[in-house]
Amino acid sequence: KAGVTQTPRYLIKTRGQQVTLSCSPISGHRSVSWYQQTPGQGLQFLFEYFSETQRNKGNFPGRFSGRQFSNSRSEMNVSTLELGDSALYLCASSLDPDRSDTGELFFGEGSRLTVL
Amino acid sequence: KQEVTQIPAALSVPEGENLVLNCSFTDSAIYNLQWFRQDPGKGLTSLLLIQSSQREQTSGRLNASLDKSSGRSTLYIAASQPGDSATYLCAVSGNTPLVFGKGTRLSVIA
């Protein structure tokens, strides 16, 4: 069974550009969530999607957005990149986040974004 | 607001030692608690999931316990090996999305 797949794995952008990251969840998982990981702040929640609907959003500016498609694949977009957006962006999927026994999160390898 | 704390931040032990990693959380209204392992530059690997109704879970040399009333969880690693060297993170889910601790960086010295 394939795990969570994130693309691209590495990318370099310059300030002011925009970036789109992709996440394919484990087959059958309908929930996808995104996290930003930096050395200083640790893992911070960005947003969660379930059946194409955004259910929760973290405390990030509007430059960060996302969406989920009917096949549960998800994308996140960051516009007008800033130096501080350099981070490892992690995607996770789960079967059913509303049940304690099926809410286990499975993470992808992440997309490492460097903003110059 | 849920806050998760992990102590110690870093730990170095000789191979073969049994060790305990600690995780504490401020809001006991949780659905479950999950322990993860992260190798440098990699994603997170799920180790154990403890549902709110459970007291502990075991997988191989790993045993995790949960005490909701005191807001604590421990991850016990038996007979540590150099391959166990990694950062271990705990995360709790509840009325808010998953909240992570900052992790414990473990080094097992051969």
# chains A, B, ... in the order shown; residues from 1 in each chain; ligands from 1

call {"tool": "closest_atom_pairs", "arguments": {"of": "chain A", "to": "chain B", "cutoff": "8 Å", "atoms": "only C-alpha atoms", "output": "Markdown table"}}
result
| residue | atom | partner | partner_atom | distance |
| --- | --- | --- | --- | --- |
| A:Gly42 | CA | B:Lys102 | CA | 5.7 |
| A:Leu43 | CA | B:Phe100 | CA | 6.4 |
| A:Gln44 | CA | B:Phe100 | CA | 7.7 |
| A:Phe45 | CA | B:Pro97 | CA | 7.3 |
| A:Asn56 | CA | B:Pro97 | CA | 7.2 |
| A:Leu90 | CA | B:Gly43 | CA | 6.9 |
| A:Arg99 | CA | B:Tyr31 | CA | 7.7 |
| A:Ser100 | CA | B:Tyr31 | CA | 5.2 |
| A:Asp101 | CA | B:Gln51 | CA | 6.2 |
| A:Gly103 | CA | B:Asn32 | CA | 7.9 |
| A:Glu104 | CA | B:Leu49 | CA | 6.4 |
| A:Leu105 | CA | B:Ser46 | CA | 7.2 |
| A:Phe106 | CA | B:Ser46 | CA | 6.4 |
| A:Phe107 | CA | B:Leu44 | CA | 5.6 |
| A:Gly108 | CA | B:Gly43 | CA | 5.7 |
| A:Glu109 | CA | B:Gly43 | CA | 4.0 |
| A:Gly110 | CA | B:Gly43 | CA | 5.7 |

call {"tool": "select_by_dssp", "arguments": {"residues": "chain A", "states": "strand (DSSP E)", "output": "ChimeraX atom specification"}}
result
/A:5-7,10-13,19-24,31-38,42-50,53-57,64-68,74-78,87-94,106-107,111-115

call {"tool": "closest_residue", "arguments": {"among": "A:Thr7, A:Ser70, A:Ser65, A:Asn59", "to": "His29 in chain A", "atoms": "only C-alpha atoms"}}
result
A:Ser70

call {"tool": "residues_around", "arguments": {"residues": "range 23-25 of chain A", "least_positions_apart": "2", "cutoff": "12 Å", "atoms": "only C-alpha atoms", "output": "number ranges by chain"}}
result
A: 1-9, 20-21, 27-35, 49-50, 66-77, 89-95, 105-111

call {"tool": "atom_distance", "arguments": {"atom1": "CA of Glu82 in chain A", "atom2": "CA of Gly16 in chain A"}}
result
6.6 Å

call {"tool": "closest_residue", "arguments": {"among": "B:Ser59, B:Ser80, B:Gln54, B:Ser65", "to": "Asn22 in chain B", "atoms": "only C-alpha atoms"}}
result
B:Ser65

call {"tool": "closest_residue", "arguments": {"among": "A:Tyr10, A:Gly40, A:Ser51, A:Val115", "to": "Val78 in chain A", "atoms": "only C-alpha atoms"}}
result
A:Val115

call {"tool": "closest_residue", "arguments": {"among": "B:Ala29, B:Val13, B:Leu19, B:Leu75", "to": "Tyr88 in chain B", "atoms": "only C-alpha atoms"}}
result
B:Leu75

call {"tool": "residues_around", "arguments": {"residues": "Gln81 in chain B", "least_positions_apart": "5", "cutoff": "7 Å", "atoms": "only C-alpha atoms", "output": "PyMOL selection string"}}
result
chain B and resi 15-16+108

call {"tool": "write_last_selection", "arguments": {"atoms": "all heavy atoms", "output": "mmCIF file, in the first residue's frame"}}
result
data_model
loop_
_atom_site.group_PDB
_atom_site.id
_atom_site.type_symbol
_atom_site.label_atom_id
_atom_site.label_comp_id
_atom_site.auth_asym_id
_atom_site.auth_seq_id
_atom_site.Cartn_x
_atom_site.Cartn_y
_atom_site.Cartn_z
ATOM 1 N N GLU B 15 24.322 2.364 24.177
ATOM 2 C CA GLU B 15 23.539 1.278 23.589
ATOM 3 C C GLU B 15 23.150 0.265 24.652
ATOM 4 O O GLU B 15 23.934 -0.068 25.541
ATOM 5 C CB GLU B 15 24.371 0.600 22.496
ATOM 6 C CG GLU B 15 23.666 -0.533 21.779
ATOM 7 C CD GLU B 15 24.526 -1.136 20.692
ATOM 8 O OE1 GLU B 15 25.714 -0.753 20.579
ATOM 9 O OE2 GLU B 15 24.028 -1.985 19.927
ATOM 10 N N GLY B 16 21.925 -0.240 24.556
ATOM 11 C CA GLY B 16 21.450 -1.268 25.479
ATOM 12 C C GLY B 16 20.651 -0.735 26.648
ATOM 13 O O GLY B 16 19.969 -1.492 27.328
ATOM 14 N N VAL B 108 21.779 7.406 20.596
ATOM 15 C CA VAL B 108 22.185 6.160 21.227
ATOM 16 C C VAL B 108 23.597 5.849 20.749
ATOM 17 O O VAL B 108 23.835 5.641 19.558
ATOM 18 C CB VAL B 108 21.221 5.007 20.878
ATOM 19 C CG1 VAL B 108 21.674 3.731 21.578
ATOM 20 C CG2 VAL B 108 19.801 5.366 21.271
#

call {"tool": "residues_around", "arguments": {"residues": "Arg15 in chain A", "least_positions_apart": "3", "cutoff": "12 Å", "atoms": "only C-alpha atoms", "output": "NGL selection string"}}
result
:A and (12 or 18-19 or 78-86 or 113-116)

call {"tool": "residues_around", "arguments": {"residues": "Gly60 in chain B", "least_positions_apart": "6", "cutoff": "12 Å", "atoms": "only C-alpha atoms", "output": "MDAnalysis selection string"}}
result
chainID B and resid 47:48 76:80

call {"tool": "atom_distance", "arguments": {"atom1": "CA of Ala87 in chain A", "atom2": "CA of Pro39 in chain A"}}
result
8.4 Å
